$ cat structure23.cif   # mmCIF, C-alpha atoms
data_final
#
loop_
_atom_site.label_atom_id
_atom_site.label_comp_id
_atom_site.auth_asym_id
_atom_site.auth_seq_id
_atom_site.Cartn_x
_atom_site.Cartn_y
_atom_site.Cartn_z
CA MET J 1 -30.26 -86.38 25.72
CA ALA J 2 -30.24 -86.82 29.48
CA ALA J 3 -30.37 -90.56 28.95
CA THR J 4 -26.62 -90.72 28.39
CA THR J 5 -25.98 -89.63 31.97
CA SER J 6 -28.48 -91.86 33.72
CA GLY J 7 -27.99 -95.45 34.70
CA VAL J 8 -26.00 -97.19 37.35
CA ALA J 9 -22.71 -97.61 35.48
CA GLY J 10 -21.18 -94.67 37.36
CA PRO J 11 -18.59 -92.37 35.84
CA ARG J 12 -17.43 -93.56 32.45
CA ARG J 13 -14.50 -92.41 30.42
CA PRO J 14 -15.12 -89.58 27.98
CA ASN J 15 -15.57 -90.59 24.33
CA PRO J 16 -13.47 -89.04 21.53
CA LEU J 17 -16.27 -86.67 20.50
CA GLU J 18 -16.53 -85.27 24.02
CA ILE J 19 -12.75 -84.88 24.32
CA CYS J 20 -12.63 -83.13 20.94
CA ALA J 21 -15.57 -80.86 21.85
CA ALA J 22 -13.92 -79.88 25.15
CA LEU J 23 -10.54 -79.16 23.58
CA CYS J 24 -12.14 -77.13 20.77
CA ALA J 25 -14.29 -75.21 23.27
CA GLY J 26 -11.17 -74.52 25.34
CA SER J 27 -9.53 -73.11 22.19
CA LEU J 28 -12.59 -70.91 21.66
CA LEU J 29 -12.07 -69.64 25.20
CA THR J 30 -8.54 -68.55 24.23
CA LEU J 31 -9.92 -66.56 21.28
CA MET J 32 -12.76 -65.15 23.41
CA LEU J 33 -10.37 -63.94 26.11
CA LEU J 34 -8.13 -62.43 23.42
CA SER J 35 -11.09 -60.56 21.95
CA ASN J 36 -12.55 -59.46 25.29
CA GLY J 37 -9.08 -58.47 26.51
CA MET J 38 -8.64 -56.31 23.40
CA MET J 39 -11.93 -54.54 24.12
CA ALA J 40 -11.08 -54.18 27.82
CA ALA J 41 -7.73 -52.58 26.99
CA HIS J 42 -9.35 -50.25 24.45
CA THR J 43 -12.25 -49.25 26.74
CA THR J 44 -12.93 -50.68 30.23
CA PRO J 45 -13.25 -54.25 31.56
CA ILE J 46 -16.91 -53.65 32.48
CA PHE J 47 -17.75 -52.32 29.03
CA ALA J 48 -15.91 -55.26 27.44
CA SER J 49 -17.99 -57.71 29.47
CA LEU J 50 -21.17 -55.75 28.76
CA THR J 51 -20.62 -55.85 24.99
CA ALA J 52 -19.59 -59.52 25.10
CA HIS J 53 -22.85 -60.37 26.88
CA GLY J 54 -24.91 -58.11 24.59
CA VAL J 55 -23.40 -59.49 21.39
CA GLY J 56 -23.66 -62.99 22.86
CA THR J 57 -27.37 -62.55 23.58
CA ALA J 58 -28.03 -61.38 20.03
CA VAL J 59 -26.03 -64.24 18.48
CA ALA J 60 -27.76 -66.80 20.73
CA VAL J 61 -31.17 -65.48 19.57
CA LEU J 62 -30.08 -65.83 15.93
CA LEU J 63 -28.81 -69.38 16.46
CA LEU J 64 -31.95 -70.41 18.39
CA ALA J 65 -34.12 -68.99 15.59
CA LEU J 66 -32.07 -70.94 13.05
CA PHE J 67 -32.44 -74.17 15.09
CA TRP J 68 -36.15 -73.51 15.49
CA LEU J 69 -36.66 -73.05 11.74
CA ARG J 70 -34.84 -76.28 10.98
CA ALA J 71 -36.30 -78.28 13.85
CA ASP J 72 -38.90 -80.98 13.54
CA LYS J 73 -42.03 -79.33 14.94
CA GLY J 74 -43.82 -82.54 15.79
CA PRO J 75 -45.20 -83.19 19.28
CA LYS J 76 -42.48 -83.62 21.88
CA ALA J 77 -42.40 -85.39 25.21
CA PRO J 78 -42.91 -82.75 27.88
CA ARG J 79 -39.86 -82.10 30.01
CA ALA J 80 -39.83 -81.00 33.65
CA ARG J 81 -39.43 -77.25 33.94
CA ALA J 82 -36.11 -75.92 35.15
CA PRO J 83 -36.06 -74.39 38.64
CA LEU J 84 -35.84 -70.59 38.55
CA TRP J 85 -32.37 -70.55 40.13
CA ALA J 86 -31.02 -72.50 37.16
CA TYR J 87 -31.45 -69.30 35.11
CA LEU J 88 -28.95 -67.43 37.29
CA GLY J 89 -25.70 -68.76 35.82
CA GLY J 90 -25.26 -65.43 34.02
CA ILE J 91 -25.03 -63.56 37.33
CA SER J 92 -22.03 -65.52 38.51
CA GLY J 93 -20.57 -65.31 35.00
CA ALA J 94 -20.86 -61.52 35.00
CA LEU J 95 -19.51 -61.34 38.55
CA THR J 96 -16.45 -63.36 37.49
CA VAL J 97 -15.37 -60.52 35.21
CA VAL J 98 -15.66 -57.92 37.97
CA VAL J 99 -13.88 -60.03 40.60
CA SER J 100 -11.02 -61.18 38.36
CA THR J 101 -10.45 -57.61 37.15
CA VAL J 102 -9.93 -56.54 40.77
CA VAL J 103 -7.52 -59.42 41.45
CA VAL J 104 -5.52 -58.96 38.22
CA ASN J 105 -4.86 -55.36 39.21
CA SER J 106 -3.57 -56.36 42.67
CA SER J 107 -0.03 -57.56 43.39
CA LEU J 108 -1.14 -61.08 42.40
CA ALA J 109 -1.09 -59.94 38.75
CA LEU J 110 -2.19 -62.17 35.88
CA THR J 111 -0.12 -65.19 36.92
CA GLY J 112 -1.49 -65.28 40.47
CA THR J 113 -5.04 -64.64 39.29
CA MET J 114 -4.91 -67.50 36.79
CA ALA J 115 -3.33 -69.95 39.24
CA LEU J 116 -5.77 -69.14 42.07
CA GLY J 117 -8.71 -69.15 39.65
CA LEU J 118 -7.70 -72.60 38.44
CA ALA J 119 -7.52 -73.84 42.04
CA GLY J 120 -10.94 -72.45 42.94
CA GLN J 121 -12.47 -73.83 39.76
CA VAL J 122 -11.20 -77.39 40.27
CA VAL J 123 -11.88 -77.58 44.03
CA LEU J 124 -15.50 -76.48 43.68
CA ALA J 125 -16.00 -78.76 40.67
CA LEU J 126 -14.81 -81.78 42.69
CA ILE J 127 -17.14 -80.80 45.56
CA PHE J 128 -20.06 -80.43 43.09
CA ASP J 129 -19.34 -83.84 41.54
CA ALA J 130 -18.95 -85.58 44.89
CA THR J 131 -22.19 -84.12 46.27
CA GLY J 132 -24.30 -83.93 43.11
CA ALA J 133 -24.92 -80.25 43.81
CA LEU J 134 -27.53 -78.08 42.07
CA GLY J 135 -29.58 -80.87 40.56
CA MET J 136 -26.75 -82.57 38.70
CA GLU J 137 -25.83 -86.21 38.95
CA ARG J 138 -23.57 -87.20 41.85
CA ARG J 139 -20.41 -88.89 40.61
CA LEU J 140 -17.24 -89.89 42.38
CA PRO J 141 -14.36 -89.36 39.96
CA ARG J 142 -12.48 -92.43 38.72
CA ARG J 143 -8.85 -92.78 39.74
CA ASN J 144 -7.77 -91.89 36.20
CA ASP J 145 -10.02 -88.80 36.25
CA LEU J 146 -8.09 -87.52 39.26
CA LEU J 147 -4.72 -88.39 37.71
CA ALA J 148 -5.76 -86.69 34.48
CA LEU J 149 -6.81 -83.56 36.40
CA ALA J 150 -3.53 -83.54 38.34
CA ALA J 151 -1.47 -83.76 35.14
CA ILE J 152 -3.53 -81.03 33.41
CA ILE J 153 -3.24 -78.74 36.45
CA ALA J 154 0.52 -79.33 36.77
CA GLY J 155 1.04 -78.62 33.06
CA THR J 156 -1.13 -75.51 33.24
CA LEU J 157 0.76 -74.16 36.26
CA LEU J 158 4.08 -74.74 34.44
CA ILE J 159 2.84 -72.71 31.46
CA ILE J 160 1.33 -69.95 33.60
CA PHE J 161 4.49 -69.50 35.68
CA ALA J 162 6.80 -69.78 32.66
CA ARG J 163 4.94 -66.85 31.14
CA GLY J 164 4.74 -64.95 34.41
CA SER J 165 8.45 -65.13 35.11
CA ALA J 166 9.30 -63.95 31.60
CA ALA J 167 6.95 -60.95 31.70
CA MET R 1 -3.42 -59.69 50.52
CA ILE R 2 -5.27 -62.62 52.08
CA TRP R 3 -8.48 -61.07 50.76
CA MET R 4 -7.08 -60.85 47.26
CA ILE R 5 -6.07 -64.52 47.42
CA LEU R 6 -9.56 -65.48 48.55
CA LEU R 7 -11.08 -63.33 45.79
CA GLY R 8 -8.81 -65.03 43.25
CA ILE R 9 -10.00 -68.46 44.40
CA GLY R 10 -13.56 -67.10 44.44
CA SER R 11 -13.35 -65.98 40.81
CA GLY R 12 -12.52 -69.55 39.80
CA MET R 13 -15.37 -70.90 41.91
CA LEU R 14 -17.76 -68.52 40.16
CA VAL R 15 -16.75 -70.06 36.82
CA THR R 16 -17.62 -73.55 38.09
CA LEU R 17 -20.86 -72.33 39.71
CA SER R 18 -21.96 -70.66 36.49
CA ARG R 19 -21.20 -73.78 34.44
CA GLN R 20 -23.09 -76.01 36.89
CA LEU R 21 -26.18 -73.75 36.82
CA ASN R 22 -26.11 -73.52 33.02
CA GLY R 23 -25.71 -77.30 32.80
CA ARG R 24 -28.74 -77.80 35.04
CA LEU R 25 -30.77 -75.40 32.89
CA ALA R 26 -29.69 -77.26 29.75
CA LEU R 27 -31.06 -80.52 31.19
CA SER R 28 -34.55 -78.98 31.16
CA THR R 29 -34.13 -76.88 28.00
CA SER R 30 -31.13 -77.17 25.66
CA ALA R 31 -27.46 -76.24 25.68
CA MET R 32 -28.07 -73.28 23.35
CA GLN R 33 -31.00 -72.02 25.42
CA SER R 34 -28.86 -72.13 28.56
CA SER R 35 -26.21 -70.13 26.72
CA PHE R 36 -28.85 -67.55 25.72
CA TRP R 37 -30.05 -67.14 29.33
CA ASN R 38 -26.48 -66.97 30.59
CA HIS R 39 -25.75 -64.03 28.29
CA ALA R 40 -29.10 -62.27 28.68
CA VAL R 41 -29.07 -62.43 32.49
CA GLY R 42 -25.40 -61.43 32.58
CA PHE R 43 -26.17 -58.46 30.34
CA ALA R 44 -29.03 -57.37 32.61
CA VAL R 45 -26.68 -57.50 35.62
CA LEU R 46 -23.89 -55.63 33.84
CA VAL R 47 -26.00 -52.68 32.62
CA PRO R 48 -26.37 -51.16 36.13
CA CYS R 49 -22.72 -52.04 36.85
CA ALA R 50 -21.60 -50.14 33.74
CA LEU R 51 -23.84 -47.19 34.65
CA VAL R 52 -22.32 -46.99 38.14
CA ALA R 53 -18.78 -47.41 36.77
CA GLY R 54 -19.16 -44.65 34.18
CA SER R 55 -21.16 -44.96 31.01
CA LEU R 56 -22.87 -47.47 28.75
CA TRP R 57 -20.92 -46.21 25.76
CA PRO R 58 -17.33 -45.04 26.40
CA ALA R 59 -15.97 -42.68 23.74
CA GLU R 60 -13.30 -45.18 22.62
CA ALA R 61 -15.87 -47.91 21.86
CA ALA R 62 -16.56 -46.70 18.32
CA SER R 63 -12.91 -47.05 17.28
CA ALA R 64 -12.40 -50.58 18.63
CA HIS R 65 -10.93 -53.18 16.24
CA TRP R 66 -13.56 -55.55 14.78
CA PHE R 67 -12.01 -58.50 16.56
CA ALA R 68 -12.74 -56.86 19.93
CA TRP R 69 -16.45 -57.21 19.13
CA VAL R 70 -16.60 -60.94 18.35
CA GLY R 71 -15.81 -62.24 21.85
CA GLY R 72 -19.49 -62.51 22.72
CA ALA R 73 -20.28 -64.56 19.63
CA ILE R 74 -17.46 -66.97 20.50
CA GLY R 75 -18.67 -67.04 24.11
CA VAL R 76 -22.12 -68.26 23.06
CA VAL R 77 -20.62 -71.40 21.55
CA PHE R 78 -18.24 -71.80 24.50
CA VAL R 79 -21.02 -71.65 27.12
CA ALA R 80 -23.26 -73.97 25.08
CA SER R 81 -20.38 -76.46 24.85
CA GLY R 82 -19.91 -76.37 28.62
CA SER R 83 -23.63 -77.00 29.16
CA TRP R 84 -23.49 -79.92 26.74
CA LEU R 85 -20.41 -81.45 28.38
CA ILE R 86 -21.13 -81.09 32.08
CA PRO R 87 -24.02 -83.60 32.36
CA ARG R 88 -21.90 -86.05 30.36
CA LEU R 89 -18.51 -85.74 32.06
CA GLY R 90 -19.21 -84.04 35.39
CA ALA R 91 -17.91 -80.68 36.56
CA ALA R 92 -14.30 -81.65 37.29
CA LEU R 93 -13.49 -83.43 34.03
CA THR R 94 -15.36 -80.82 31.99
CA GLY R 95 -13.40 -78.03 33.68
CA GLY R 96 -10.11 -79.90 33.33
CA LEU R 97 -10.53 -80.65 29.62
CA LEU R 98 -11.65 -77.08 28.87
CA VAL R 99 -8.54 -75.77 30.63
CA ALA R 100 -6.44 -78.28 28.66
CA GLY R 101 -7.85 -76.96 25.37
CA GLN R 102 -7.36 -73.38 26.52
CA MET R 103 -3.71 -73.87 27.48
CA LEU R 104 -2.77 -75.94 24.40
CA SER R 105 -4.32 -73.37 22.07
CA SER R 106 -2.79 -70.41 23.87
CA VAL R 107 0.71 -71.92 23.64
CA ALA R 108 0.10 -72.58 19.94
CA LEU R 109 -1.10 -68.99 19.49
CA ASP R 110 1.98 -67.63 21.29
CA LEU R 111 4.24 -69.69 19.02
CA LEU R 112 2.42 -68.38 15.94
CA ARG R 113 2.83 -64.82 17.17
CA GLY R 114 6.51 -65.38 17.93
CA VAL R 115 6.16 -65.01 21.70
CA ASP R 116 8.23 -67.81 23.22
CA ALA R 117 8.83 -66.96 26.87
CA MET R 118 10.69 -69.85 28.56
CA LEU R 119 9.66 -72.14 25.74
CA ALA R 120 11.15 -75.33 27.20
CA LEU R 121 9.11 -74.96 30.38
CA GLN R 122 5.95 -74.24 28.39
CA LEU R 123 6.50 -77.28 26.16
CA ALA R 124 6.96 -79.42 29.28
CA GLY R 125 3.57 -78.08 30.39
CA VAL R 126 2.07 -79.04 27.02
CA VAL R 127 3.42 -82.61 27.36
CA LEU R 128 1.93 -82.90 30.87
CA ILE R 129 -1.46 -81.64 29.66
CA LEU R 130 -1.50 -84.04 26.69
CA PHE R 131 -0.63 -86.86 29.09
CA GLY R 132 -3.54 -85.77 31.29
CA VAL R 133 -5.96 -85.86 28.34
CA TYR R 134 -4.63 -89.32 27.45
CA LEU R 135 -5.17 -90.50 31.05
CA SER R 136 -8.78 -89.33 31.03
CA ARG R 137 -9.41 -91.75 28.15
CA ARG R 138 -8.03 -94.75 30.01
CA ASN R 139 -10.09 -97.07 32.17
#

$ encode --input "structure23.cif" --output "structure tokens"
Amino acid sequence: MAATTSGVAGPRRPNPLEICAALCAGSLLTLMLLSNGMMAAHTTPIFASLTAHGVGTAVAVLLLALFWLRADKGPKAPRARAPLWAYLGGISGALTVVVSTVVVNSSLALTGTMALGLAGQVVLALIFDATGALGMERRLPRRNDLLALAAIIAGTLLIIFARGSAA
Amino acid sequence: MIWMILLGIGSGMLVTLSRQLNGRLALSTSAMQSSFWNHAVGFAVLVPCALVAGSLWPAEAASAHWFAWVGGAIGVVFVASGSWLIPRLGAALTGGLLVAGQMLSSVALDLLRGVDAMLALQLAGVVLILFGVYLSRRN
């Protein structure tokens, strides 16, 4: 699995399966935010995030059990154990909900929160890629990666502000 | 105000940080296992937060629409996808393509629901995003 990322070829272009997976996952995010937003409006943002994480934990257990039942149980090559800090992604995920709830309710509103969030997300991602932070492979983006990002960001900002100005 | 702006940028950085950590965990385990830990650890953090903020079970919870309950199940697949993608594409391209999918689907959803605020501008955004996805495929 990790073999696809090793080697000296440097950043490669994404294949159609990866593009499709990312676009589908992004669509799932739209549905997830719709669902969590519905719960947040009906109860509180914290409770919405709490239930999302609780339901998510239960569903992940079910899926892992299903995978485990279907998996080939033969001997496997041992893999290096993950460092303990790698288990902490859920903390920053949970914190995101709290922080963005505060910002959405400020004068920045939803439009400002989304635009700033997008900026923070992309800037840190570029820093992570360029430095190979947190045990991931270092990769300098290709010129077309940067152009692609710029076009996606510009299009996203257009959509965000079109909605914001109409609201 | 400056603090709110910094917090807004910070909330986006937290998304990237979380995805990077989950991706690292997936390298040693699997994408689905990283998604499990993401949700379990997040849940453990949110229980005390919910207790401080009020209660673990607000009165309105019981009457919530069924769709309000499925976000977590969708999130499991979303986080696992991110963990699968990030070692392959890197943080920036993964984030960019996920945002592309999010925006394209949300415009489609708005059209389906008959919400068409400044449609021309939004469609221009869609064209730019599609062009960006096309560019990512080029050498």

$ resolve_selection --input "structure23.cif" --expression "the PyMOL selection byres ((chain J and resi 134) around 9)" --output "PDB file with C-alpha atoms, in the frame of the given file"
ATOM      1  CA  ALA J  86     -31.020 -72.500  37.160  1.00  0.00           C
ATOM      2  CA  PHE J 128     -20.060 -80.430  43.090  1.00  0.00           C
ATOM      3  CA  GLY J 132     -24.300 -83.930  43.110  1.00  0.00           C
ATOM      4  CA  ALA J 133     -24.920 -80.250  43.810  1.00  0.00           C
ATOM      5  CA  GLY J 135     -29.580 -80.870  40.560  1.00  0.00           C
ATOM      6  CA  MET J 136     -26.750 -82.570  38.700  1.00  0.00           C
ATOM      7  CA  GLU J 137     -25.830 -86.210  38.950  1.00  0.00           C
TER       8      GLU J 137
ATOM      9  CA  GLN R  20     -23.090 -76.010  36.890  1.00  0.00           C
ATOM     10  CA  LEU R  21     -26.180 -73.750  36.820  1.00  0.00           C
ATOM     11  CA  ARG R  24     -28.740 -77.800  35.040  1.00  0.00           C
TER      12      ARG R  24
END

$ resolve_selection --input "structure23.cif" --expression "the PyMOL selection byres ((chain R and resi 28-44) around 8)" --output "MDAnalysis selection string"
(chainID J and resid 50 53:54 56:57 60:61 63:64 79:82 87:94) or (chainID R and resid 22:27 45:48 76:77 79:81 83:84)

$ residues_around --input "structure23.cif" --residues "R:Gly72" --least-positions-apart "2" --cutoff "6 Å" --atoms "all atoms listed in the file" --output "VMD selection string"
(chain J and resid 52 to 53 55 to 56) or (chain R and resid 70 74 to 75)

$ resolve_selection --input "structure23.cif" --expression "the PyMOL selection byres ((chain J and resi 145-149) around 9)" --output "PyMOL selection string"
(chain J and resi 13+122+141-144+150-154) or (chain R and resi 92-93+96-97+129+131-138)

$ residues_around --input "structure23.cif" --residues "R:Gly54" --least-positions-apart "6" --cutoff "10 Å" --atoms "all atoms listed in the file" --output "PyMOL selection string"
(chain J and resi 44+46-47) or (chain R and resi 48)

$ closest_residue --input "structure23.cif" --among "J:Leu116, J:Leu108, J:Leu95, J:Leu31" --to "R:Leu109" --atoms "all atoms listed in the file"
J:Leu31

$ axis_aligned_box --input "structure23.cif" --around "stretch 142-149 of chain J" --padding-each-side "8 Å" --output "AutoDock Vina command-line options"
--center_x -8.6 --center_y -88.2 --center_z 37.1 --size_x 23.8 --size_y 25.2 --size_z 21.3

$ atom_distance --input "structure23.cif" --atom1 "atom CA of J:Val123" --atom2 "atom CA of J:Leu34"
25.9 Å

$ residues_around --input "structure23.cif" --residues "stretch 1-5 of chain R" --least-positions-apart "2" --cutoff "9 Å" --atoms "only C-alpha atoms" --output "PyMOL selection string"
(chain J and resi 102-103+106-108+112-113+116) or (chain R and resi 7-10)

$ atom_distance --input "structure23.cif" --atom1 "atom CA of R:Ala62" --atom2 "atom CA of R:Phe78"
25.9 Å
